[in-house]
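Next up, query-v1.txt (compact mmCIF, C-alpha atoms (C1' of nucleotides)):
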# COMPACT_ATOMS: atom_id res chain seq x y z
CA MET A 1 11.75 26.71 -5.68
CA LYS A 2 9.22 27.95 -8.13
CA SER A 3 7.22 30.94 -7.13
CA SER A 4 3.51 31.13 -7.59
CA ALA A 5 3.93 34.16 -9.85
CA GLU A 6 5.49 32.01 -12.52
CA PRO A 7 3.20 31.19 -15.43
CA LEU A 8 1.46 27.87 -15.21
CA PRO A 9 3.12 25.11 -17.09
CA GLY A 10 1.69 23.99 -20.36
CA ARG A 11 -1.31 26.25 -20.73
CA PHE A 12 -1.40 26.38 -24.48
CA SER A 13 -4.77 24.88 -25.16
CA SER A 14 -7.06 27.85 -25.42
CA LYS A 15 -6.13 28.51 -29.01
CA ARG A 16 -7.79 26.62 -31.79
CA PRO A 17 -5.79 23.50 -32.59
CA THR A 18 -3.60 23.73 -35.62
CA ASN A 19 -3.48 21.02 -38.17
CA SER A 20 0.06 20.19 -37.21
CA GLU A 21 -0.89 19.55 -33.59
CA LEU A 22 -3.57 17.17 -34.73
CA THR A 23 -1.03 15.14 -36.65
CA LYS A 24 1.36 14.91 -33.72
CA PRO A 25 0.21 12.04 -31.58
CA ILE A 26 1.27 11.25 -28.05
CA LEU A 27 1.41 7.73 -26.67
CA ILE A 28 1.11 6.93 -23.01
CA PHE A 29 2.14 3.60 -21.54
CA PHE A 30 1.15 3.16 -17.97
CA GLY A 31 1.89 0.05 -15.98
CA PRO A 32 2.57 -0.94 -12.39
CA THR A 33 6.10 -1.68 -11.26
CA ALA A 34 7.56 -4.78 -12.90
CA VAL A 35 4.72 -5.26 -15.35
CA GLY A 36 7.19 -5.22 -18.23
CA LYS A 37 7.25 -1.71 -19.64
CA THR A 38 10.93 -1.79 -20.46
CA ALA A 39 10.65 -5.00 -22.41
CA LEU A 40 7.74 -3.58 -24.33
CA LEU A 41 9.61 -0.39 -25.15
CA SER A 42 12.46 -2.40 -26.57
CA ARG A 43 10.08 -3.43 -29.33
CA PHE A 44 9.73 0.13 -30.53
CA ASP A 45 11.95 1.49 -33.25
CA SER A 46 14.18 4.32 -32.06
CA SER A 47 13.99 6.02 -35.43
CA ARG A 48 10.27 6.54 -34.98
CA PHE A 49 9.76 6.78 -31.22
CA SER A 50 11.34 8.31 -28.14
CA VAL A 51 10.51 7.63 -24.50
CA ILE A 52 9.58 10.16 -21.86
CA ASN A 53 9.91 8.78 -18.37
CA ALA A 54 6.87 9.27 -16.14
CA ASP A 55 8.32 7.94 -12.96
CA SER A 56 8.84 10.22 -10.00
CA ILE A 57 11.99 8.52 -8.75
CA GLN A 58 13.78 7.78 -12.01
CA VAL A 59 14.16 11.51 -12.63
CA TYR A 60 16.92 11.44 -10.01
CA LYS A 61 20.57 10.85 -10.78
CA SER A 62 22.36 8.16 -8.79
CA LEU A 63 19.13 6.37 -7.94
CA ASP A 64 19.58 3.60 -10.47
CA ILE A 65 19.18 0.22 -8.88
CA GLY A 66 16.47 0.99 -6.34
CA SER A 67 14.34 2.79 -8.88
CA ALA A 68 14.81 0.02 -11.44
CA LYS A 69 15.90 2.51 -14.03
CA ALA A 70 16.42 1.38 -17.59
CA THR A 71 20.00 0.23 -18.05
CA LYS A 72 22.59 2.15 -20.04
CA GLU A 73 22.10 -0.23 -22.94
CA GLU A 74 18.34 0.13 -22.84
CA GLN A 75 18.67 3.89 -22.79
CA GLU A 76 21.00 3.75 -25.75
CA ALA A 77 18.64 1.61 -27.77
CA ILE A 78 15.96 4.30 -27.73
CA ASP A 79 16.09 7.93 -26.59
CA HIS A 80 14.94 8.48 -23.02
CA TYR A 81 13.89 11.84 -21.67
CA LEU A 82 13.33 12.88 -18.05
CA ILE A 83 15.75 10.40 -16.62
CA ASP A 84 18.60 11.72 -14.46
CA ILE A 85 17.40 15.30 -14.67
CA ARG A 86 17.60 16.09 -10.95
CA GLU A 87 20.18 15.74 -8.21
CA PRO A 88 19.07 13.46 -5.38
CA HIS A 89 18.61 16.37 -2.98
CA GLU A 90 16.45 18.42 -5.35
CA ALA A 91 12.71 18.67 -5.33
CA PHE A 92 10.59 17.53 -8.22
CA SER A 93 6.86 17.95 -8.46
CA VAL A 94 4.03 17.23 -10.86
CA GLY A 95 4.32 20.81 -12.07
CA ASP A 96 7.95 20.21 -12.93
CA PHE A 97 6.98 17.02 -14.66
CA ILE A 98 4.45 18.78 -16.87
CA THR A 99 6.93 21.49 -17.81
CA GLU A 100 9.68 19.02 -18.60
CA ALA A 101 7.40 16.60 -20.38
CA ASP A 102 5.96 19.35 -22.55
CA ARG A 103 9.44 20.39 -23.53
CA ALA A 104 10.39 16.82 -24.36
CA VAL A 105 7.23 16.23 -26.37
CA LYS A 106 7.94 19.32 -28.42
CA GLN A 107 11.51 18.25 -28.99
CA ILE A 108 10.54 14.75 -30.05
CA HIS A 109 7.84 15.98 -32.38
CA SER A 110 10.27 18.44 -33.93
CA GLU A 111 12.49 15.48 -34.78
CA GLY A 112 9.56 13.93 -36.56
CA LYS A 113 9.23 11.20 -33.94
CA ILE A 114 6.46 10.09 -31.66
CA PRO A 115 6.77 10.48 -27.89
CA ILE A 116 5.89 7.57 -25.63
CA ILE A 117 5.26 8.73 -22.10
CA SER A 118 5.99 5.64 -20.09
CA GLY A 119 5.96 5.15 -16.37
CA GLY A 120 4.11 4.21 -13.26
CA THR A 121 3.35 7.55 -11.65
CA ALA A 122 -0.35 7.86 -12.33
CA PHE A 123 -0.49 11.27 -10.68
CA TYR A 124 1.93 12.63 -13.26
CA VAL A 125 0.06 11.09 -16.15
CA LYS A 126 -3.25 12.45 -14.94
CA HIS A 127 -2.01 16.00 -14.64
CA PHE A 128 -0.02 15.81 -17.81
CA LEU A 129 -3.32 15.15 -19.57
CA TYR A 130 -5.57 17.56 -17.71
CA GLY A 131 -3.23 20.10 -16.16
CA LEU A 132 -3.16 21.44 -12.64
CA SER A 133 -5.47 23.80 -10.83
CA GLU A 134 -4.30 27.39 -10.47
CA ALA A 135 -3.58 26.94 -6.80
CA PRO A 136 -0.09 28.15 -5.90
CA SER A 137 2.67 25.61 -5.97
CA SER A 138 4.28 24.56 -2.77
CA ASP A 139 6.63 26.94 -1.01
CA GLU A 140 9.26 25.42 1.20
CA ARG A 141 9.08 28.21 3.75
CA VAL A 142 5.32 28.09 4.12
CA ARG A 143 5.35 24.34 4.21
CA ALA A 144 7.84 24.36 7.05
CA LEU A 145 5.71 26.88 8.91
CA ILE A 146 2.58 24.75 8.59
CA ALA A 147 4.49 21.67 9.63
CA LYS A 148 5.66 23.46 12.74
CA GLN A 149 2.13 24.57 13.60
CA ILE A 150 0.80 21.06 13.20
CA GLU A 151 3.56 19.73 15.38
CA GLU A 152 2.73 22.26 18.06
CA HIS A 153 -1.04 22.15 18.05
CA GLY A 154 -1.77 18.71 16.73
CA LEU A 155 -3.45 17.32 13.68
CA ALA A 156 -6.96 17.69 15.07
CA TRP A 157 -6.35 21.39 15.48
CA ALA A 158 -5.07 21.65 11.91
CA HIS A 159 -8.11 19.87 10.58
CA SER A 160 -10.53 22.07 12.46
CA ARG A 161 -8.65 25.13 11.26
CA LEU A 162 -8.99 23.82 7.72
CA HIS A 163 -12.69 23.45 8.36
CA GLU A 164 -12.82 27.15 9.19
CA VAL A 165 -10.89 28.49 6.23
CA ASP A 166 -12.05 25.91 3.70
CA PRO A 167 -15.12 23.92 4.76
CA ILE A 168 -15.25 22.01 1.48
CA SER A 169 -11.71 20.71 1.78
CA GLY A 170 -12.30 20.20 5.47
CA ALA A 171 -15.11 17.84 4.65
CA ARG A 172 -13.28 16.22 1.78
CA ILE A 173 -9.97 15.58 3.49
CA HIS A 174 -9.91 12.92 6.16
CA PRO A 175 -8.86 14.10 9.65
CA ASN A 176 -5.94 11.65 9.59
CA ASP A 177 -4.59 12.78 6.26
CA ALA A 178 -1.82 15.05 7.52
CA TYR A 179 -0.33 15.43 4.09
CA ARG A 180 -3.42 16.83 2.44
CA ILE A 181 -4.44 18.93 5.43
CA ALA A 182 -1.01 20.55 5.34
CA ARG A 183 -1.21 21.26 1.65
CA ALA A 184 -4.69 22.79 1.90
CA LEU A 185 -3.57 25.03 4.75
CA GLU A 186 -0.47 25.92 2.82
CA VAL A 187 -2.53 27.02 -0.18
CA PHE A 188 -4.69 29.18 2.06
CA GLU A 189 -1.63 30.66 3.72
CA GLN A 190 -0.12 31.58 0.38
CA SER A 191 -3.14 32.75 -1.55
CA GLY A 192 -5.71 33.63 1.08
CA ARG A 193 -8.04 31.39 -0.86
CA ALA A 194 -9.49 27.99 -0.16
CA LEU A 195 -7.88 25.13 -2.02
CA SER A 196 -11.33 23.99 -3.04
CA SER A 197 -11.96 27.35 -4.74
CA PHE A 198 -9.39 26.43 -7.38
CA ASP A 199 -11.06 24.29 -9.98
CA LEU A 200 -9.41 21.18 -11.22
CA PRO A 201 -9.39 21.08 -15.01
CA THR A 202 -11.50 18.30 -16.49
CA THR A 203 -10.56 18.55 -20.14
CA ARG A 204 -7.34 17.79 -21.94
CA ARG A 205 -4.77 20.56 -22.00
CA PHE A 206 -3.77 19.93 -25.59
CA PRO A 207 -5.44 18.92 -28.84
CA ASN A 208 -2.98 16.25 -29.91
CA PRO A 209 -4.38 12.77 -30.36
CA VAL A 210 -3.49 10.58 -27.39
CA LEU A 211 -3.51 6.82 -27.04
CA ILE A 212 -3.42 5.60 -23.46
CA ILE A 213 -2.25 2.04 -23.04
CA ALA A 214 -2.58 0.54 -19.58
CA LEU A 215 -0.59 -2.61 -19.00
CA GLU A 216 -1.56 -5.37 -16.65
CA ARG A 217 -0.53 -8.89 -15.92
CA GLU A 218 -1.98 -11.81 -14.09
CA HIS A 219 -1.82 -11.02 -10.39
CA SER A 220 0.35 -13.89 -9.20
CA GLU A 221 2.72 -13.39 -12.09
CA LEU A 222 3.15 -9.72 -11.32
CA GLN A 223 3.87 -10.62 -7.69
CA SER A 224 6.57 -13.10 -8.60
CA ARG A 225 8.12 -10.61 -10.99
CA VAL A 226 8.25 -8.11 -8.16
CA SER A 227 9.98 -10.65 -5.90
CA GLU A 228 12.46 -11.43 -8.61
CA ARG A 229 13.20 -7.81 -9.24
CA ILE A 230 13.84 -7.04 -5.58
CA ALA A 231 16.13 -10.01 -5.18
CA GLN A 232 18.05 -8.74 -8.19
CA MET A 233 18.43 -5.32 -6.62
CA GLY A 234 20.33 -6.91 -3.78
CA GLU A 235 22.63 -8.68 -6.21
CA LEU A 236 23.16 -5.61 -8.35
CA GLY A 237 24.49 -3.67 -5.39
CA LEU A 238 21.63 -1.73 -3.89
CA VAL A 239 23.57 -1.50 -0.64
CA GLU A 240 26.52 0.13 -2.40
CA GLU A 241 24.17 2.54 -4.08
CA ILE A 242 22.56 3.69 -0.85
CA ARG A 243 25.95 3.86 0.84
CA HIS A 244 27.19 6.25 -1.81
CA LEU A 245 24.07 8.34 -1.48
CA ILE A 246 24.45 8.59 2.28
CA GLN A 247 28.13 9.43 1.92
CA GLY A 248 26.96 12.14 -0.44
CA GLY A 249 24.79 13.54 2.34
CA ALA A 250 21.47 11.88 1.55
CA GLU A 251 18.83 12.25 4.24
CA ALA A 252 15.54 10.55 4.83
CA SER A 253 13.76 13.87 4.37
CA TRP A 254 14.73 14.17 0.73
CA ALA A 255 11.89 13.50 -1.67
CA SER A 256 14.08 11.09 -3.59
CA MET A 257 14.79 9.11 -0.45
CA ALA A 258 11.07 8.55 0.07
CA GLY A 259 11.26 6.20 -2.88
CA ILE A 260 10.72 2.52 -2.26
CA GLY A 261 14.10 0.88 -2.25
CA TYR A 262 15.67 3.76 -0.32
CA ARG A 263 13.35 4.75 2.47
CA GLU A 264 13.53 1.25 3.94
CA PHE A 265 17.22 1.67 4.73
CA PHE A 266 16.48 4.75 6.77
CA GLU A 267 13.46 3.24 8.49
CA LEU A 268 15.23 0.10 9.60
CA ALA A 269 18.45 1.88 10.50
CA GLU A 270 16.45 4.15 12.76
CA SER A 271 14.54 1.34 14.44
CA GLY A 272 17.80 -0.49 14.99
CA GLU A 273 16.56 -3.56 13.16
CA TYR A 274 18.74 -3.19 10.16
CA SER A 275 19.76 -6.19 8.15
CA LEU A 276 19.92 -6.48 4.40
CA GLN A 277 17.45 -9.31 4.45
CA ARG A 278 14.92 -7.26 6.40
CA VAL A 279 15.40 -4.32 4.08
CA LEU A 280 14.83 -6.38 0.97
CA LYS A 281 11.78 -8.00 2.49
CA ARG A 282 10.29 -4.66 3.32
CA ILE A 283 11.11 -3.26 -0.10
CA GLU A 284 9.33 -6.20 -1.62
CA ARG A 285 6.26 -5.69 0.51
CA ASN A 286 6.15 -1.96 -0.15
CA THR A 287 6.52 -2.55 -3.86
CA ARG A 288 3.65 -5.01 -3.82
CA LEU A 289 1.43 -2.54 -2.00
CA TYR A 290 2.51 0.14 -4.42
CA THR A 291 1.53 -1.86 -7.50
CA LYS A 292 -1.88 -2.21 -5.93
CA ARG A 293 -2.23 1.55 -5.52
CA GLN A 294 -0.96 2.17 -9.02
CA LEU A 295 -3.54 -0.12 -10.51
CA THR A 296 -6.33 1.37 -8.42
CA PHE A 297 -5.43 4.89 -9.49
CA PHE A 298 -5.19 3.96 -13.10
CA ARG A 299 -8.52 2.17 -13.14
CA SER A 300 -10.07 5.60 -12.75
CA PHE A 301 -8.67 6.59 -16.15
CA THR A 302 -11.77 5.85 -18.17
CA ASP A 303 -10.09 6.44 -21.51
CA ALA A 304 -7.26 3.98 -20.99
CA GLU A 305 -7.15 0.82 -23.06
CA TRP A 306 -5.98 -2.21 -21.12
CA PHE A 307 -3.57 -4.75 -22.51
CA ASP A 308 -1.88 -7.79 -21.08
CA ALA A 309 1.84 -7.14 -20.85
CA THR A 310 2.55 -10.66 -22.03
CA ASP A 311 1.15 -9.76 -25.42
CA PRO A 312 3.33 -6.98 -26.85
CA GLU A 313 2.09 -7.76 -30.35
CA ALA A 314 -1.38 -6.63 -29.37
CA VAL A 315 -0.03 -3.34 -28.08
CA ILE A 316 2.09 -2.80 -31.15
CA GLY A 317 -0.87 -3.58 -33.36
CA ARG A 318 -3.04 -1.10 -31.51
CA VAL A 319 -0.38 1.59 -31.69
CA GLU A 320 0.06 1.15 -35.44
CA ALA A 321 -3.68 1.27 -36.00
CA PHE A 322 -3.90 4.42 -33.94
CA LEU A 323 -1.07 6.11 -35.83
CA GLN A 324 -2.68 5.08 -39.08
CA SER A 325 -5.95 6.68 -38.13
CA VAL A 326 -4.20 9.86 -37.02
CA ALA A 327 -2.37 10.06 -40.32
CA SER A 328 -5.43 9.41 -42.44
CA SER A 329 -7.69 11.82 -40.58
CA ALA A 330 -5.05 14.50 -41.05
CA HIS A 331 -5.45 14.19 -44.80
CA GLN A 332 -9.13 14.91 -44.82
C1' G B 1 14.22 -38.31 31.80
C1' G B 2 13.20 -33.62 35.05
C1' A B 3 11.41 -28.30 35.38
C1' G B 4 8.91 -24.48 33.09
C1' A B 5 6.41 -21.62 29.12
C1' G B 6 2.96 -22.02 25.50
C1' G B 7 -0.64 -23.62 21.29
C1' U B 8 -6.31 -17.81 19.61
C1' A B 9 -8.92 -16.22 12.89
C1' C B 10 -4.29 -15.96 6.56
C1' C B 11 0.26 -14.41 9.97
C1' C B 12 1.91 -12.03 14.64
C1' A B 13 -0.58 -11.03 19.04
C1' A B 14 -4.26 -9.35 23.25
C1' G B 15 -8.14 -11.49 25.94
C1' C B 16 -8.16 -15.37 31.06
C1' G B 17 -16.32 -16.98 33.23
C1' G B 18 -21.23 -13.43 30.41
C1' C B 19 -20.69 -6.75 27.26
C1' C B 20 -16.22 -12.21 22.41
C1' A B 21 -17.14 -13.74 15.86
C1' A B 22 -13.00 -12.43 19.68
C1' A B 23 -8.58 -5.79 20.90
C1' G B 24 -4.24 -4.28 18.17
C1' G B 25 -0.72 -4.86 14.25
C1' G B 26 0.71 -7.16 9.61
C1' G B 27 -0.90 -9.17 5.17
C1' G B 28 -5.13 -9.83 1.71
C1' C B 29 -9.20 -7.38 -0.81
C1' A B 30 -11.59 -2.78 -2.21
C1' G B 31 -11.27 2.51 -2.57
C1' A B 32 -9.69 7.85 -2.50
C1' C B 33 -6.18 10.98 -4.78
C1' U B 34 -6.54 19.75 -6.36
C1' G B 35 1.73 21.09 -7.35
C1' U B 36 6.88 16.27 -2.20
C1' A B 37 2.31 11.00 -5.30
C1' A B 38 7.39 5.01 -5.07
C1' A B 39 3.84 10.19 -1.04
C1' U B 40 -0.61 10.39 2.03
C1' C B 41 -5.15 8.52 3.58
C1' U B 42 -9.93 5.44 3.99
C1' G B 43 -13.04 1.04 4.25
C1' U B 44 -13.26 -4.14 4.76
C1' U B 45 -11.41 -9.03 6.30
C1' G B 46 -15.16 -16.86 9.59
C1' G B 47 -19.94 -18.60 6.99
C1' U B 48 -24.95 -17.83 5.56
C1' U B 49 -31.51 -17.71 3.40
C1' A B 50 -27.84 -12.30 7.32
C1' U B 51 -30.79 -6.32 13.28
C1' A B 52 -30.76 -13.58 13.24
C1' C B 53 -28.57 -18.18 13.00
C1' C B 54 -24.31 -21.63 12.22
C1' U B 55 -19.10 -22.95 12.85
C1' U B 56 -14.50 -21.08 15.30
C1' C B 57 -9.72 -19.78 20.17
C1' G B 58 -4.58 -27.50 19.61
C1' A B 59 -7.99 -32.39 20.56
C1' A B 60 -11.46 -35.02 23.60
C1' G B 61 -14.23 -34.97 27.89
C1' G B 62 -16.04 -32.35 32.33
C1' U B 63 -17.78 -28.14 35.76
C1' U B 64 -21.42 -24.04 34.93
C1' C B 65 -27.69 -21.05 33.44
C1' G B 66 -23.27 -19.55 30.46
C1' A B 67 -16.30 -21.26 28.72
C1' A B 68 -11.28 -18.80 24.29
C1' U B 69 -11.30 -18.05 29.61
C1' C B 70 -12.04 -23.08 35.24
C1' C B 71 -10.88 -28.78 35.79
C1' U B 72 -9.06 -33.68 33.65
C1' U B 73 -6.66 -36.46 30.01
C1' C B 74 -4.28 -36.47 25.41
C1' U B 75 -1.34 -34.00 21.74
C1' C B 76 2.17 -30.63 19.60
C1' U B 77 5.89 -26.55 20.06
C1' C B 78 9.65 -23.87 22.62
C1' U B 79 13.24 -22.86 26.74
C1' C B 80 16.23 -24.54 30.66
C1' C B 81 18.38 -28.70 33.48
C1' A B 82 20.07 -33.82 32.77

Please rewrite the model in this file as structure tokens.
Amino acid sequence: MKSSAEPLPGRFSSKRPTNSELTKPILIFFGPTAVGKTALLSRFDSSRFSVINADSIQVYKSLDIGSAKATKEEQEAIDHYLIDIREPHEAFSVGDFITEADRAVKQIHSEGKIPIISGGTAFYVKHFLYGLSEAPSSDERVRALIAKQIEEHGLAWAHSRLHEVDPISGARIHPNDAYRIARALEVFEQSGRALSSFDLPTTRRFPNPVLIIALEREHSELQSRVSERIAQMGELGLVEEIRHLIQGGAEASWASMAGIGYREFFELAESGEYSLQRVLKRIERNTRLYTKRQLTFFRSFTDAEWFDATDPEAVIGRVEAFLQSVASSAHQ
RNA sequence: GGAGAGGUACCCAAGCGGCCAAAGGGGGCAGACUGUAAAUCUGUUGGUUAUACCUUCGAAGGUUCGAAUCCUUCUCUCUCCA
């Protein structure tokens, strides 16, 4: 667990940008599940580019099939960072992502290559770009305490308490949103300050030129690709994978086990309705709903450029043009 | 062939004379997103010239001031017995 005293990750933007930072571009590829990111990445030359995974589940070891991780071969074709960097029982947060991604970006740039941050976790991408507020990071102990209080007194009580200590968050956070109510109370508990008193940064944390490519695909086509992918998971041995994880002590409460493709096993086992067919069906549904949320979140990224995933040439062309302009403006 | 249960909006399902364009859930669509985000949460969901009107609860007819709700016939589905 990180303590709140630790310096904030990636706060190196207050200095004036150096010329070298301005010539070190960062690419971001965002796309919903199954849009075709992996296929697109295979078109990029490993001598010039490396990939940084921006997917909250693929950071975990042993979660390969359910998270639709790039295969061994795909990972060998081009360097991948931030894959398999945590054990399944460990926590991983946006803050961790920023720290790790910063390190990877630095490493890739030092090799004279260009980092491609690629993934579907919009929350990570957003905070990689803009950074986090200075609110304290989560503390397991405090979180458990708040959870216990909510269990005892009810959610309505928690929300009205939030209203007292932080009226702005109280108004902003819906009374049913247990997750956010808990976090806001947790911040108050730890810092004595309202969550809403911590400003969210609105400018980029770094001066490097960034190209944000958002990938989409015709709706029905994306849906059928999702179906296909889930069916494949069954064939590839998703059941074996989850069995190993459970034998290794995996519990539903682990962050990694909240991932689609894993949580469904726990849910259905608990309700006594388990069958592989049911699990796969539910995974498929949850994935579909997830792609919807991903797209919605990413639509709020006003500086993203949208491309159809069926046209990799267009993306490649745009990337080359972007790199060209970075290189030429550096010479001025 | 006999007995019974039932057909409700995209799906499941409640309603069983007026407060019903019809609960609830799912899905669809739209949205939010301040350190677990593949998480969590919200709105909306018959049509329109929209505080009103039109069409809708298997079909047709009937009773009633008034029907998804009662009656008759038809039709389809399911279960059990032959």

Nearest residue to chain B out of A:Phe198, A:Phe307, A:Phe266, A:Phe301, using all atoms listed in the file?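 Nearest candidate to chain B out of A:Phe198, A:Phe307, A:Phe266, A:Phe301: A:Phe198.
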
Point to revise | Å distance separating CA of His127 (chain A) from CA of Val326 (chain A), one decimal place | key: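 Here the two named atoms are 23.3 Å from each other.
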
Give me the chain B side of the contact with chain A, cut-off 9 Å, one line per residue showing its nearest atom pair and distance in Å at one decimal, counting only C-alpha atoms (C1' of nucleotides), sorted by chain and residue number, as JSON lines.
{"residue": "B:G31", "atom": "C1'", "partner": "A:Thr296", "partner_atom": "CA", "distance": 7.7}
{"residue": "B:A32", "atom": "C1'", "partner": "A:Phe297", "partner_atom": "CA", "distance": 8.7}
{"residue": "B:C33", "atom": "C1'", "partner": "A:Phe297", "partner_atom": "CA", "distance": 7.7}
{"residue": "B:U34", "atom": "C1'", "partner": "A:Leu200", "partner_atom": "CA", "distance": 5.8}
{"residue": "B:G35", "atom": "C1'", "partner": "A:Ser137", "partner_atom": "CA", "distance": 4.8}
{"residue": "B:U36", "atom": "C1'", "partner": "A:Ala255", "partner_atom": "CA", "distance": 5.7}
{"residue": "B:A37", "atom": "C1'", "partner": "A:Phe123", "partner_atom": "CA", "distance": 6.1}
{"residue": "B:A38", "atom": "C1'", "partner": "A:Gly259", "partner_atom": "CA", "distance": 4.6}
{"residue": "B:A39", "atom": "C1'", "partner": "A:Ala258", "partner_atom": "CA", "distance": 7.5}
{"residue": "B:U40", "atom": "C1'", "partner": "A:Tyr179", "partner_atom": "CA", "distance": 5.5}
{"residue": "B:C41", "atom": "C1'", "partner": "A:Asp177", "partner_atom": "CA", "distance": 5.1}
{"residue": "B:U42", "atom": "C1'", "partner": "A:His174", "partner_atom": "CA", "distance": 7.8}

Exercise for the section: Using all atoms listed in the file, determine which residues lie at most 9 Å from region 43-60 of chain B, disregarding the query and same-chain residues fewer than 2 positions distant; provide the list as a ChimeraX atom specification. Expected result: /B:7-9,21-22,28-31,68,73-76

Exercise for review: Write out as a list in words which residues come within 12 Å of C12 (chain B) when counting only C-alpha atoms (C1' of nucleotides), dropping same-chain ones fewer than 5 positions away.
Suggested key: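 Within the cut-off, the hits are G24, G25, G26 and G27 of chain B.
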